[in-house]
Amino acid sequence: MRRYKRTLVAVALATTVVSGTAGWASGSAQRPVTGPPPGTAEWNADRSLGRALPDPATAEPAQVAQFFRTLGPGARQRLVHRHPLVVGNLDGAPVALRYEANSRALRGTPLARLAEPGRQILAFDPRGRGQVAEVYGDLEHARHVSVIVPGSDMDAGTFDRAKDPYGTPAGMANSLRAATDPGTAVIAWTGYTTPVGVGLDAATGDLAEAGAVRLTRFADGLAAVDAPRPSLFCHSYGSVVCGLAAGDLRAADIVVLGSPGMRAGSVRELRTDARVWAAKDASDWISKVPHVELLGLGHGNDPASPAFGARRVPAERAEGHTGYFAPGTDSLRHFAAIATGRAASAGPVSAGHEGDVR
């Protein structure tokens, strides 16, 4: 009976504590953005090339890539001009063409700063709070690719905010890119509807389930344009997304940091052939989150615990919930080793053994 009461208390705490980067703010319910990009109906009705275009709702990224390989430069430009929001969000479309389409779609919008020269926007969806993916480095020729999957309160308007720079997807990606080498590209992927503050959205998996579908398709899109299998860096609630997607993801590594749980009891339950890593610093408030899952609330076991079976990433020099990518930290140094394929193939954390990267 006492154990049952403790579990109920833990679940109650989980509903008020679990979140991404917002801390102790109150949360509000969010409806996930799903389905094909805006403008799909007009795209599907377009016969300007004398044939049907691949349906964004049903075509696999590999089919999209094959379709664009059959087009000449003129036909590609016609589609960019007529359907920038579709081309810019179409997983499997050529990378440079997506940059051009998104730059065009962003002009004249409140987010026009994303279209400034030098920015490489791989996805832009204006629905809801807005979603965006930005590339740092040369994705088309990269030997290694990493993807940042953020937690709560991230959207098109906040993903590159100056406040708390290493707690935003853009700041994390910039820092990781600077710590690696010219052969590494890093993508800040704010491609799903994240929870806002603390509330039921952050304590349940509904938004993460929708995000997992979008993340899996995004990774399939990278494979379709011959990008290397990515290393995923999943922060806070983003680790719930990565946990739910793990079994379907084409990933080399899944790294979780400041995680409330992955909706799995162990690495084995993730059913992935990717290497799984975990980082959590002692000052991270996420440690206060009860690692339970009951009646849909909470996200399960702590990935940083020895019992989970993940490889350990040291984070003694990181501070707080958003300090893992700060320059000079041991966590960033080890993240860079993973991102560039230099991480040792150490075993999982267990009593008396820690699978650190070197």
# chains A, B, ... in the order shown; residues from 1 in each chain; ligands from 1
$ residues_around --residues "region 312-325 of chain A" --least-positions-apart "3" --cutoff "7 Å" --atoms "only C-alpha atoms" --output "list in words"
Tyr166, Gly167, Met172, Ser175, Leu176, Gly258, Trp277, Ala278, Ala279, Lys280, Asp281, Ser283, Asp284, Trp285, Ile286, Thr329, Asp330, Ser331, Leu332, His334, Val349, Glu354, Gly355, Asp356 and Val357 of chain A
$ residues_around --residues "Gly137 (chain A)" --least-positions-apart "6" --cutoff "12 Å" --atoms "only C-alpha atoms" --output "mmCIF file with all heavy atoms, in the first residue's frame"
data_model
loop_
_atom_site.group_PDB
_atom_site.id
_atom_site.type_symbol
_atom_site.label_atom_id
_atom_site.label_comp_id
_atom_site.auth_asym_id
_atom_site.auth_seq_id
_atom_site.Cartn_x
_atom_site.Cartn_y
_atom_site.Cartn_z
ATOM 1 N N GLY A 118 23.152 33.245 -46.334
ATOM 2 C CA GLY A 118 23.989 32.354 -45.549
ATOM 3 C C GLY A 118 23.218 31.349 -44.716
ATOM 4 O O GLY A 118 23.778 30.335 -44.281
ATOM 5 N N ARG A 119 21.932 31.603 -44.479
ATOM 6 C CA ARG A 119 21.140 30.656 -43.705
ATOM 7 C C ARG A 119 20.631 29.542 -44.606
ATOM 8 O O ARG A 119 20.242 29.784 -45.756
ATOM 9 C CB ARG A 119 19.989 31.357 -42.983
ATOM 10 C CG ARG A 119 20.476 32.462 -42.054
ATOM 11 C CD ARG A 119 19.450 32.873 -41.037
ATOM 12 N NE ARG A 119 19.300 31.882 -39.961
ATOM 13 C CZ ARG A 119 18.715 32.170 -38.800
ATOM 14 N NH1 ARG A 119 18.236 33.381 -38.553
ATOM 15 N NH2 ARG A 119 18.605 31.240 -37.861
ATOM 16 N N GLN A 120 20.636 28.333 -44.098
ATOM 17 C CA GLN A 120 20.264 27.152 -44.882
ATOM 18 C C GLN A 120 19.062 26.489 -44.200
ATOM 19 O O GLN A 120 19.212 25.638 -43.342
ATOM 20 C CB GLN A 120 21.444 26.172 -44.968
ATOM 21 C CG GLN A 120 22.680 26.781 -45.598
ATOM 22 C CD GLN A 120 23.868 25.833 -45.612
ATOM 23 O OE1 GLN A 120 24.504 25.627 -46.641
ATOM 24 N NE2 GLN A 120 24.196 25.242 -44.472
ATOM 25 N N ILE A 121 17.875 26.892 -44.633
ATOM 26 C CA ILE A 121 16.650 26.403 -44.021
ATOM 27 C C ILE A 121 16.166 25.173 -44.797
ATOM 28 O O ILE A 121 15.758 25.270 -45.946
ATOM 29 C CB ILE A 121 15.564 27.497 -43.991
ATOM 30 C CG1 ILE A 121 16.102 28.738 -43.272
ATOM 31 C CG2 ILE A 121 14.317 26.966 -43.302
ATOM 32 C CD1 ILE A 121 16.564 28.498 -41.854
ATOM 33 N N ARG A 143 30.578 14.120 -44.256
ATOM 34 C CA ARG A 143 30.925 12.737 -43.904
ATOM 35 C C ARG A 143 30.145 12.279 -42.681
ATOM 36 O O ARG A 143 29.934 11.077 -42.485
ATOM 37 C CB ARG A 143 32.433 12.626 -43.609
ATOM 38 C CG ARG A 143 33.325 12.937 -44.798
ATOM 39 C CD ARG A 143 34.773 12.574 -44.493
ATOM 40 N NE ARG A 143 35.273 13.280 -43.321
ATOM 41 C CZ ARG A 143 35.831 14.494 -43.369
ATOM 42 N NH1 ARG A 143 35.928 15.135 -44.528
ATOM 43 N NH2 ARG A 143 36.275 15.081 -42.258
ATOM 44 N N HIS A 144 29.724 13.245 -41.865
ATOM 45 C CA HIS A 144 28.966 12.942 -40.654
ATOM 46 C C HIS A 144 27.841 13.968 -40.522
ATOM 47 O O HIS A 144 28.030 15.144 -40.829
ATOM 48 C CB HIS A 144 29.856 12.999 -39.412
ATOM 49 C CG HIS A 144 31.048 12.089 -39.475
ATOM 50 N ND1 HIS A 144 30.969 10.737 -39.273
ATOM 51 C CD2 HIS A 144 32.352 12.361 -39.735
ATOM 52 C CE1 HIS A 144 32.169 10.195 -39.395
ATOM 53 N NE2 HIS A 144 33.026 11.163 -39.679
ATOM 54 N N VAL A 145 26.697 13.513 -40.053
ATOM 55 C CA VAL A 145 25.539 14.390 -39.867
ATOM 56 C C VAL A 145 24.968 14.167 -38.477
ATOM 57 O O VAL A 145 24.850 13.026 -38.011
ATOM 58 C CB VAL A 145 24.447 14.109 -40.923
ATOM 59 C CG1 VAL A 145 23.185 14.919 -40.623
ATOM 60 C CG2 VAL A 145 24.951 14.430 -42.320
ATOM 61 N N SER A 146 24.644 15.264 -37.803
ATOM 62 C CA SER A 146 23.980 15.208 -36.512
ATOM 63 C C SER A 146 22.673 15.994 -36.587
ATOM 64 O O SER A 146 22.565 16.964 -37.339
ATOM 65 C CB SER A 146 24.862 15.791 -35.405
ATOM 66 O OG SER A 146 25.982 14.966 -35.168
ATOM 67 N N ALA A 173 23.114 23.438 -32.044
ATOM 68 C CA ALA A 173 23.685 23.040 -33.331
ATOM 69 C C ALA A 173 24.935 23.846 -33.656
ATOM 70 O O ALA A 173 25.940 23.299 -34.129
ATOM 71 C CB ALA A 173 22.643 23.210 -34.434
ATOM 72 N N ASN A 174 24.884 25.157 -33.425
ATOM 73 C CA ASN A 174 26.042 26.017 -33.665
ATOM 74 C C ASN A 174 27.237 25.587 -32.836
ATOM 75 O O ASN A 174 28.371 25.510 -33.324
ATOM 76 C CB ASN A 174 25.681 27.467 -33.329
ATOM 77 C CG ASN A 174 25.619 28.343 -34.561
ATOM 78 O OD1 ASN A 174 26.405 28.187 -35.482
ATOM 79 N ND2 ASN A 174 24.667 29.261 -34.566
ATOM 80 N N SER A 175 26.983 25.299 -31.566
ATOM 81 C CA SER A 175 28.060 24.915 -30.666
ATOM 82 C C SER A 175 28.651 23.568 -31.048
ATOM 83 O O SER A 175 29.877 23.391 -31.052
ATOM 84 C CB SER A 175 27.534 24.875 -29.225
ATOM 85 O OG SER A 175 28.579 24.628 -28.315
ATOM 86 N N LEU A 176 27.794 22.605 -31.385
ATOM 87 C CA LEU A 176 28.288 21.290 -31.785
ATOM 88 C C LEU A 176 29.071 21.377 -33.092
ATOM 89 O O LEU A 176 30.135 20.765 -33.236
ATOM 90 C CB LEU A 176 27.126 20.318 -31.931
ATOM 91 C CG LEU A 176 27.496 18.879 -32.308
ATOM 92 C CD1 LEU A 176 28.436 18.256 -31.285
ATOM 93 C CD2 LEU A 176 26.240 18.029 -32.471
ATOM 94 N N ARG A 177 28.559 22.161 -34.026
ATOM 95 C CA ARG A 177 29.257 22.320 -35.316
ATOM 96 C C ARG A 177 30.645 22.927 -35.099
ATOM 97 O O ARG A 177 31.635 22.473 -35.702
ATOM 98 C CB ARG A 177 28.423 23.217 -36.229
ATOM 99 C CG ARG A 177 29.083 23.576 -37.554
ATOM 100 C CD ARG A 177 29.204 22.362 -38.462
ATOM 101 N NE ARG A 177 29.911 22.712 -39.685
ATOM 102 C CZ ARG A 177 31.224 22.850 -39.788
ATOM 103 N NH1 ARG A 177 32.001 22.649 -38.734
ATOM 104 N NH2 ARG A 177 31.782 23.166 -40.939
ATOM 105 N N ALA A 178 30.754 23.914 -34.229
ATOM 106 C CA ALA A 178 32.039 24.557 -33.964
ATOM 107 C C ALA A 178 33.021 23.610 -33.281
ATOM 108 O O ALA A 178 34.230 23.772 -33.415
ATOM 109 C CB ALA A 178 31.831 25.800 -33.109
ATOM 110 N N THR A 180 33.267 20.391 -33.905
ATOM 111 C CA THR A 180 33.579 19.238 -34.747
ATOM 112 C C THR A 180 34.590 19.617 -35.832
ATOM 113 O O THR A 180 35.626 20.177 -35.541
ATOM 114 C CB THR A 180 32.290 18.648 -35.346
ATOM 115 O OG1 THR A 180 31.560 19.672 -36.052
ATOM 116 C CG2 THR A 180 31.393 18.076 -34.252
ATOM 117 N N ASP A 181 34.304 19.301 -37.077
ATOM 118 C CA ASP A 181 35.240 19.590 -38.163
ATOM 119 C C ASP A 181 34.453 19.922 -39.425
ATOM 120 O O ASP A 181 33.224 19.760 -39.460
ATOM 121 C CB ASP A 181 36.169 18.386 -38.407
ATOM 122 C CG ASP A 181 35.404 17.094 -38.671
ATOM 123 O OD1 ASP A 181 34.497 17.089 -39.537
ATOM 124 O OD2 ASP A 181 35.711 16.076 -38.020
ATOM 125 N N PRO A 182 35.130 20.403 -40.493
ATOM 126 C CA PRO A 182 34.408 20.813 -41.704
ATOM 127 C C PRO A 182 33.616 19.690 -42.380
ATOM 128 O O PRO A 182 32.717 19.963 -43.176
ATOM 129 C CB PRO A 182 35.529 21.313 -42.625
ATOM 130 C CG PRO A 182 36.619 21.718 -41.696
ATOM 131 C CD PRO A 182 36.570 20.734 -40.569
ATOM 132 N N GLY A 183 33.933 18.439 -42.066
ATOM 133 C CA GLY A 183 33.214 17.325 -42.677
ATOM 134 C C GLY A 183 31.936 16.960 -41.959
ATOM 135 O O GLY A 183 31.270 15.989 -42.327
ATOM 136 N N THR A 184 31.564 17.723 -40.945
ATOM 137 C CA THR A 184 30.376 17.424 -40.159
ATOM 138 C C THR A 184 29.316 18.500 -40.371
ATOM 139 O O THR A 184 29.609 19.686 -40.310
ATOM 140 C CB THR A 184 30.709 17.351 -38.652
ATOM 141 O OG1 THR A 184 31.694 16.342 -38.440
ATOM 142 C CG2 THR A 184 29.468 17.020 -37.835
ATOM 143 N N ALA A 185 28.088 18.081 -40.647
ATOM 144 C CA ALA A 185 26.948 18.996 -40.735
ATOM 145 C C ALA A 185 26.024 18.725 -39.558
ATOM 146 O O ALA A 185 25.842 17.575 -39.153
ATOM 147 C CB ALA A 185 26.199 18.797 -42.045
ATOM 148 N N VAL A 186 25.459 19.783 -38.998
ATOM 149 C CA VAL A 186 24.546 19.660 -37.868
ATOM 150 C C VAL A 186 23.233 20.339 -38.230
ATOM 151 O O VAL A 186 23.220 21.452 -38.749
ATOM 152 C CB VAL A 186 25.129 20.294 -36.591
ATOM 153 C CG1 VAL A 186 24.186 20.060 -35.412
ATOM 154 C CG2 VAL A 186 26.512 19.732 -36.289
ATOM 155 N N ILE A 187 22.131 19.663 -37.946
ATOM 156 C CA ILE A 187 20.802 20.178 -38.263
ATOM 157 C C ILE A 187 20.048 20.467 -36.972
ATOM 158 O O ILE A 187 19.911 19.593 -36.112
ATOM 159 C CB ILE A 187 19.990 19.173 -39.101
ATOM 160 C CG1 ILE A 187 20.757 18.784 -40.371
ATOM 161 C CG2 ILE A 187 18.621 19.755 -39.457
ATOM 162 C CD1 ILE A 187 20.131 17.632 -41.137
ATOM 163 N N ALA A 188 19.585 21.701 -36.827
ATOM 164 C CA ALA A 188 18.692 22.058 -35.722
ATOM 165 C C ALA A 188 17.274 21.783 -36.200
ATOM 166 O O ALA A 188 16.746 22.508 -37.041
ATOM 167 C CB ALA A 188 18.865 23.527 -35.349
#
$ select_by_dssp --residues "region 139-347 of chain A" --states "helix (DSSP H, G or I)" --output "PyMOL selection string"
chain A and resi 139-141+165-167+169-179+200-203+206-224+237-248+267-270+285-288+306-308+330-339
$ write_last_selection --atoms "C-alpha atoms" --output "tab-separated table (two decimals), in the first residue's frame"
chain	number	residue	atom	x	y	z
A	139	LEU	CA	25.00	18.76	-45.69
A	140	GLU	CA	25.38	17.72	-49.33
A	141	HIS	CA	29.03	16.68	-48.87
A	165	PRO	CA	21.68	30.22	-26.37
A	166	TYR	CA	22.83	26.72	-25.52
A	167	GLY	CA	19.28	25.73	-24.59
A	169	PRO	CA	18.18	24.12	-31.10
A	170	ALA	CA	20.13	26.71	-33.09
A	171	GLY	CA	22.53	27.36	-30.20
A	172	MET	CA	23.08	23.66	-29.62
A	173	ALA	CA	23.68	23.04	-33.33
A	174	ASN	CA	26.04	26.02	-33.66
A	175	SER	CA	28.06	24.91	-30.67
A	176	LEU	CA	28.29	21.29	-31.79
A	177	ARG	CA	29.26	22.32	-35.32
A	178	ALA	CA	32.04	24.56	-33.96
A	179	ALA	CA	33.36	21.69	-31.83
A	200	LEU	CA	-0.17	17.44	-19.23
A	201	ASP	CA	1.42	17.83	-22.69
A	202	ALA	CA	4.86	17.57	-21.12
A	203	ALA	CA	3.88	14.66	-18.87
A	206	ASP	CA	0.84	12.49	-27.30
A	207	LEU	CA	2.96	15.26	-28.83
A	208	ALA	CA	5.99	12.96	-28.82
A	209	GLU	CA	4.11	10.30	-30.77
A	210	ALA	CA	3.24	12.80	-33.49
A	211	GLY	CA	6.81	14.10	-33.40
A	212	ALA	CA	8.24	10.60	-33.75
A	213	VAL	CA	6.41	10.12	-37.05
A	214	ARG	CA	7.78	13.39	-38.39
A	215	LEU	CA	11.31	12.66	-37.15
A	216	THR	CA	11.32	9.22	-38.78
A	217	ARG	CA	10.24	10.66	-42.10
A	218	PHE	CA	12.83	13.42	-41.81
A	219	ALA	CA	15.58	10.83	-41.25
A	220	ASP	CA	14.28	8.82	-44.22
A	221	GLY	CA	14.54	12.01	-46.27
A	222	LEU	CA	18.20	12.35	-45.33
A	223	ALA	CA	18.84	8.78	-46.43
A	224	ALA	CA	17.04	9.44	-49.72
A	237	TYR	CA	11.16	16.11	-24.00
A	238	GLY	CA	12.93	15.57	-27.32
A	239	SER	CA	14.30	12.36	-25.83
A	240	VAL	CA	10.71	11.11	-25.51
A	241	VAL	CA	10.31	11.75	-29.25
A	242	CYS	CA	13.54	9.90	-30.00
A	243	GLY	CA	12.57	7.01	-27.74
A	244	LEU	CA	9.25	6.49	-29.50
A	245	ALA	CA	10.89	6.78	-32.94
A	246	ALA	CA	13.98	4.69	-32.14
A	247	GLY	CA	12.77	1.39	-33.58
A	248	ASP	CA	12.06	2.97	-36.99
A	267	VAL	CA	17.94	0.20	-24.30
A	268	ARG	CA	16.77	-3.24	-25.40
A	269	GLU	CA	13.15	-2.09	-25.37
A	270	LEU	CA	14.01	0.70	-27.82
A	285	TRP	CA	16.46	20.00	-12.35
A	286	ILE	CA	15.25	17.08	-14.47
A	287	SER	CA	16.60	14.88	-11.67
A	288	LYS	CA	13.58	15.98	-9.64
A	306	PRO	CA	22.95	2.13	-14.92
A	307	ALA	CA	19.95	-0.19	-15.19
A	308	PHE	CA	18.80	1.39	-18.46
A	330	ASP	CA	33.08	17.67	-20.98
A	331	SER	CA	29.63	16.86	-22.39
A	332	LEU	CA	30.20	18.98	-25.52
A	333	ARG	CA	33.64	17.44	-26.04
A	334	HIS	CA	32.14	13.97	-25.91
A	335	PHE	CA	29.19	14.96	-28.09
A	336	ALA	CA	31.70	16.09	-30.73
A	337	ALA	CA	33.47	12.73	-30.53
A	338	ILE	CA	30.18	10.95	-31.14
A	339	ALA	CA	29.19	13.31	-33.96
$ residues_around --residues "Thr40 (chain A)" --least-positions-apart "4" --cutoff "12 Å" --atoms "only C-alpha atoms" --output "list in words"
Gly35, Pro36, Asn44, Ala45, Asp46, Leu53, Pro54, Asp55, Pro56, Ala57, Thr58, Arg82, His83, Pro84, Leu85, Val86, Val87, Gly88, Asn89 and Leu90 of chain A
$ write_last_selection --atoms "N, CA, C and O atoms" --output "PDB file, in the first residue's frame"
ATOM      1  N   GLY A  35       0.427  15.661 -40.954  1.00  0.00           N
ATOM      2  CA  GLY A  35       0.028  15.644 -42.348  1.00  0.00           C
ATOM      3  C   GLY A  35       0.986  16.367 -43.271  1.00  0.00           C
ATOM      4  O   GLY A  35       1.993  16.932 -42.841  1.00  0.00           O
ATOM      5  N   PRO A  36       0.674  16.380 -44.560  1.00  0.00           N
ATOM      6  CA  PRO A  36       1.553  16.991 -45.566  1.00  0.00           C
ATOM      7  C   PRO A  36       1.602  18.499 -45.430  1.00  0.00           C
ATOM      8  O   PRO A  36       0.766  19.098 -44.744  1.00  0.00           O
ATOM      9  N   ASN A  44      -0.829  18.804 -55.866  1.00  0.00           N
ATOM     10  CA  ASN A  44      -1.396  17.582 -56.451  1.00  0.00           C
ATOM     11  C   ASN A  44      -2.210  17.860 -57.709  1.00  0.00           C
ATOM     12  O   ASN A  44      -2.357  16.977 -58.569  1.00  0.00           O
ATOM     13  N   ALA A  45      -2.743  19.064 -57.811  1.00  0.00           N
ATOM     14  CA  ALA A  45      -3.541  19.423 -58.992  1.00  0.00           C
ATOM     15  C   ALA A  45      -2.684  19.937 -60.146  1.00  0.00           C
ATOM     16  O   ALA A  45      -3.189  20.100 -61.269  1.00  0.00           O
ATOM     17  N   ASP A  46      -1.403  20.166 -59.885  1.00  0.00           N
ATOM     18  CA  ASP A  46      -0.508  20.749 -60.897  1.00  0.00           C
ATOM     19  C   ASP A  46      -0.144  19.709 -61.958  1.00  0.00           C
ATOM     20  O   ASP A  46       0.391  18.643 -61.644  1.00  0.00           O
ATOM     21  N   LEU A  53       2.507  14.909 -59.956  1.00  0.00           N
ATOM     22  CA  LEU A  53       3.611  15.098 -59.025  1.00  0.00           C
ATOM     23  C   LEU A  53       3.441  14.124 -57.856  1.00  0.00           C
ATOM     24  O   LEU A  53       2.327  13.722 -57.531  1.00  0.00           O
ATOM     25  N   PRO A  54       4.520  13.719 -57.221  1.00  0.00           N
ATOM     26  CA  PRO A  54       4.404  12.781 -56.100  1.00  0.00           C
ATOM     27  C   PRO A  54       3.592  13.381 -54.954  1.00  0.00           C
ATOM     28  O   PRO A  54       3.868  14.498 -54.513  1.00  0.00           O
ATOM     29  N   ASP A  55       2.600  12.660 -54.473  1.00  0.00           N
ATOM     30  CA  ASP A  55       1.722  13.143 -53.421  1.00  0.00           C
ATOM     31  C   ASP A  55       2.485  13.216 -52.100  1.00  0.00           C
ATOM     32  O   ASP A  55       2.943  12.186 -51.594  1.00  0.00           O
ATOM     33  N   PRO A  56       2.645  14.410 -51.522  1.00  0.00           N
ATOM     34  CA  PRO A  56       3.391  14.524 -50.260  1.00  0.00           C
ATOM     35  C   PRO A  56       2.811  13.693 -49.121  1.00  0.00           C
ATOM     36  O   PRO A  56       3.521  13.364 -48.172  1.00  0.00           O
ATOM     37  N   ALA A  57       1.536  13.347 -49.207  1.00  0.00           N
ATOM     38  CA  ALA A  57       0.905  12.577 -48.135  1.00  0.00           C
ATOM     39  C   ALA A  57       1.213  11.094 -48.208  1.00  0.00           C
ATOM     40  O   ALA A  57       1.117  10.392 -47.200  1.00  0.00           O
ATOM     41  N   THR A  58       1.574  10.604 -49.392  1.00  0.00           N
ATOM     42  CA  THR A  58       1.748   9.153 -49.553  1.00  0.00           C
ATOM     43  C   THR A  58       3.096   8.733 -50.127  1.00  0.00           C
ATOM     44  O   THR A  58       3.525   7.595 -49.902  1.00  0.00           O
ATOM     45  N   ARG A  82       6.306  27.843 -58.053  1.00  0.00           N
ATOM     46  CA  ARG A  82       4.868  27.605 -57.939  1.00  0.00           C
ATOM     47  C   ARG A  82       4.472  27.051 -56.567  1.00  0.00           C
ATOM     48  O   ARG A  82       3.385  27.336 -56.070  1.00  0.00           O
ATOM     49  N   HIS A  83       5.360  26.262 -55.949  1.00  0.00           N
ATOM     50  CA  HIS A  83       4.993  25.561 -54.708  1.00  0.00           C
ATOM     51  C   HIS A  83       6.142  25.579 -53.699  1.00  0.00           C
ATOM     52  O   HIS A  83       6.650  24.534 -53.289  1.00  0.00           O
ATOM     53  N   PRO A  84       6.582  26.752 -53.264  1.00  0.00           N
ATOM     54  CA  PRO A  84       7.754  26.799 -52.377  1.00  0.00           C
ATOM     55  C   PRO A  84       7.546  26.071 -51.048  1.00  0.00           C
ATOM     56  O   PRO A  84       8.470  25.425 -50.542  1.00  0.00           O
ATOM     57  N   LEU A  85       6.347  26.127 -50.457  1.00  0.00           N
ATOM     58  CA  LEU A  85       6.131  25.481 -49.169  1.00  0.00           C
ATOM     59  C   LEU A  85       6.138  23.956 -49.286  1.00  0.00           C
ATOM     60  O   LEU A  85       6.537  23.254 -48.352  1.00  0.00           O
ATOM     61  N   VAL A  86       5.719  23.445 -50.421  1.00  0.00           N
ATOM     62  CA  VAL A  86       5.756  21.989 -50.607  1.00  0.00           C
ATOM     63  C   VAL A  86       7.181  21.536 -50.864  1.00  0.00           C
ATOM     64  O   VAL A  86       7.698  20.635 -50.189  1.00  0.00           O
ATOM     65  N   VAL A  87       7.847  22.143 -51.825  1.00  0.00           N
ATOM     66  CA  VAL A  87       9.221  21.745 -52.142  1.00  0.00           C
ATOM     67  C   VAL A  87      10.122  21.896 -50.921  1.00  0.00           C
ATOM     68  O   VAL A  87      10.956  21.036 -50.624  1.00  0.00           O
ATOM     69  N   GLY A  88       9.941  22.984 -50.179  1.00  0.00           N
ATOM     70  CA  GLY A  88      10.794  23.241 -49.022  1.00  0.00           C
ATOM     71  C   GLY A  88      10.621  22.250 -47.892  1.00  0.00           C
ATOM     72  O   GLY A  88      11.518  22.095 -47.057  1.00  0.00           O
ATOM     73  N   ASN A  89       9.489  21.572 -47.844  1.00  0.00           N
ATOM     74  CA  ASN A  89       9.213  20.616 -46.764  1.00  0.00           C
ATOM     75  C   ASN A  89       9.139  19.174 -47.257  1.00  0.00           C
ATOM     76  O   ASN A  89       8.760  18.288 -46.489  1.00  0.00           O
ATOM     77  N   LEU A  90       9.510  18.945 -48.500  1.00  0.00           N
ATOM     78  CA  LEU A  90       9.340  17.625 -49.103  1.00  0.00           C
ATOM     79  C   LEU A  90      10.577  16.770 -48.847  1.00  0.00           C
ATOM     80  O   LEU A  90      11.619  16.930 -49.492  1.00  0.00           O
TER      81      LEU A  90
END
$ residues_around --residues "Asn301 (chain A)" --least-positions-apart "3" --cutoff "12 Å" --atoms "only C-alpha atoms" --output "list in words"
Val240, Gly243, Ser259, Pro260, Gly261, Met262, Arg263, Ala264, Gly265, Ser266, Val267, Glu269, Ser287, Val289, Pro290, His291, Val292, Glu293, Leu294, Gly298, Ala304, Ser305, Pro306, Ala307, Phe308, Gly309 and Ala310 of chain A
$ atom_distance --atom1 "CA of Ile254 (chain A)" --atom2 "CA of Val132 (chain A)"
20.8 Å
$ closest_residue --among "A:His235, A:Lys163, A:Ala326, A:Gly130" --to "Tyr192 (chain A)" --atoms "only C-alpha atoms"
A:Gly130
$ residues_around --residues "Arg78 (chain A)" --least-positions-apart "2" --cutoff "12 Å" --atoms "only C-alpha atoms" --output "PyMOL selection string"
chain A and resi 43+46-49+71-76+80-84+87+97+101
$ atom_distance --atom1 "CA of Ser152 (chain A)" --atom2 "CA of Leu297 (chain A)"
16.3 Å
$ select_by_dssp --residues "region 70-216 of chain A" --states "strand (DSSP E or B)" --output "list of chain:residue names"
A:Ile121, A:Leu122, A:Ala123, A:Phe124, A:Asp125, A:Gln131, A:Val132, A:Ala133, A:Glu134, A:Val135, A:Tyr136, A:His144, A:Val145, A:Ser146, A:Val147, A:Ile148, A:Val149, A:Thr184, A:Ala185, A:Val186, A:Ile187, A:Ala188, A:Trp189, A:Thr190, A:Val196, A:Val198
$ write_last_selection --atoms "N, CA and C atoms" --output "compact mmCIF listing (two decimals), in the first residue's frame"
# COMPACT_ATOMS: atom_id res chain seq x y z
N ILE A 121 17.87 26.89 -44.63
CA ILE A 121 16.65 26.40 -44.02
C ILE A 121 16.17 25.17 -44.80
N LEU A 122 16.21 24.04 -44.14
CA LEU A 122 15.85 22.78 -44.79
C LEU A 122 14.36 22.48 -44.69
N ALA A 123 13.67 23.12 -43.77
CA ALA A 123 12.22 22.95 -43.64
C ALA A 123 11.64 24.18 -42.98
N PHE A 124 10.45 24.59 -43.44
CA PHE A 124 9.72 25.68 -42.82
C PHE A 124 8.24 25.43 -43.00
N ASP A 125 7.55 25.20 -41.89
CA ASP A 125 6.11 24.96 -41.90
C ASP A 125 5.46 26.04 -41.03
N GLN A 131 7.31 25.59 -37.53
CA GLN A 131 8.37 24.60 -37.39
C GLN A 131 9.46 24.92 -38.40
N VAL A 132 10.69 24.62 -38.02
CA VAL A 132 11.81 24.96 -38.89
C VAL A 132 12.97 24.01 -38.63
N ALA A 133 13.72 23.74 -39.69
CA ALA A 133 14.97 22.98 -39.57
C ALA A 133 16.05 23.77 -40.30
N GLU A 134 17.18 23.99 -39.62
CA GLU A 134 18.28 24.75 -40.21
C GLU A 134 19.55 23.93 -40.19
N VAL A 135 20.32 24.02 -41.27
CA VAL A 135 21.55 23.25 -41.43
C VAL A 135 22.76 24.13 -41.17
N TYR A 136 23.70 23.59 -40.40
CA TYR A 136 24.98 24.25 -40.14
C TYR A 136 26.07 23.36 -40.73
N HIS A 144 29.72 13.24 -41.87
CA HIS A 144 28.97 12.94 -40.65
C HIS A 144 27.84 13.97 -40.52
N VAL A 145 26.70 13.51 -40.05
CA VAL A 145 25.54 14.39 -39.87
C VAL A 145 24.97 14.17 -38.48
N SER A 146 24.64 15.26 -37.80
CA SER A 146 23.98 15.21 -36.51
C SER A 146 22.67 15.99 -36.59
N VAL A 147 21.69 15.57 -35.79
CA VAL A 147 20.40 16.24 -35.74
C VAL A 147 20.07 16.55 -34.28
N ILE A 148 19.78 17.81 -33.99
CA ILE A 148 19.36 18.24 -32.66
C ILE A 148 17.84 18.14 -32.58
N VAL A 149 17.33 17.38 -31.60
CA VAL A 149 15.89 17.25 -31.38
C VAL A 149 15.57 17.91 -30.04
N THR A 184 31.56 17.72 -40.95
CA THR A 184 30.38 17.42 -40.16
C THR A 184 29.32 18.50 -40.37
N ALA A 185 28.09 18.08 -40.65
CA ALA A 185 26.95 19.00 -40.74
C ALA A 185 26.02 18.72 -39.56
N VAL A 186 25.46 19.78 -39.00
CA VAL A 186 24.55 19.66 -37.87
C VAL A 186 23.23 20.34 -38.23
N ILE A 187 22.13 19.66 -37.95
CA ILE A 187 20.80 20.18 -38.26
C ILE A 187 20.05 20.47 -36.97
N ALA A 188 19.59 21.70 -36.83
CA ALA A 188 18.69 22.06 -35.72
C ALA A 188 17.27 21.78 -36.20
N TRP A 189 16.68 20.71 -35.69
CA TRP A 189 15.37 20.24 -36.18
C TRP A 189 14.27 20.58 -35.18
N THR A 190 13.56 21.65 -35.43
CA THR A 190 12.37 21.96 -34.64
C THR A 190 11.19 21.59 -35.52
N VAL A 196 4.31 23.38 -24.27
CA VAL A 196 4.57 24.73 -23.79
C VAL A 196 4.54 24.70 -22.26
N VAL A 198 5.00 23.67 -18.37
CA VAL A 198 4.72 22.45 -17.63
C VAL A 198 3.22 22.21 -17.65
$ closest_residue --among "A:Thr194, A:Pro94, A:Ala142, A:Pro327" --to "Thr158 (chain A)" --atoms "only C-alpha atoms"
A:Thr194
$ atom_distance --atom1 "CA of Phe159 (chain A)" --atom2 "CA of Val64 (chain A)"
27.9 Å
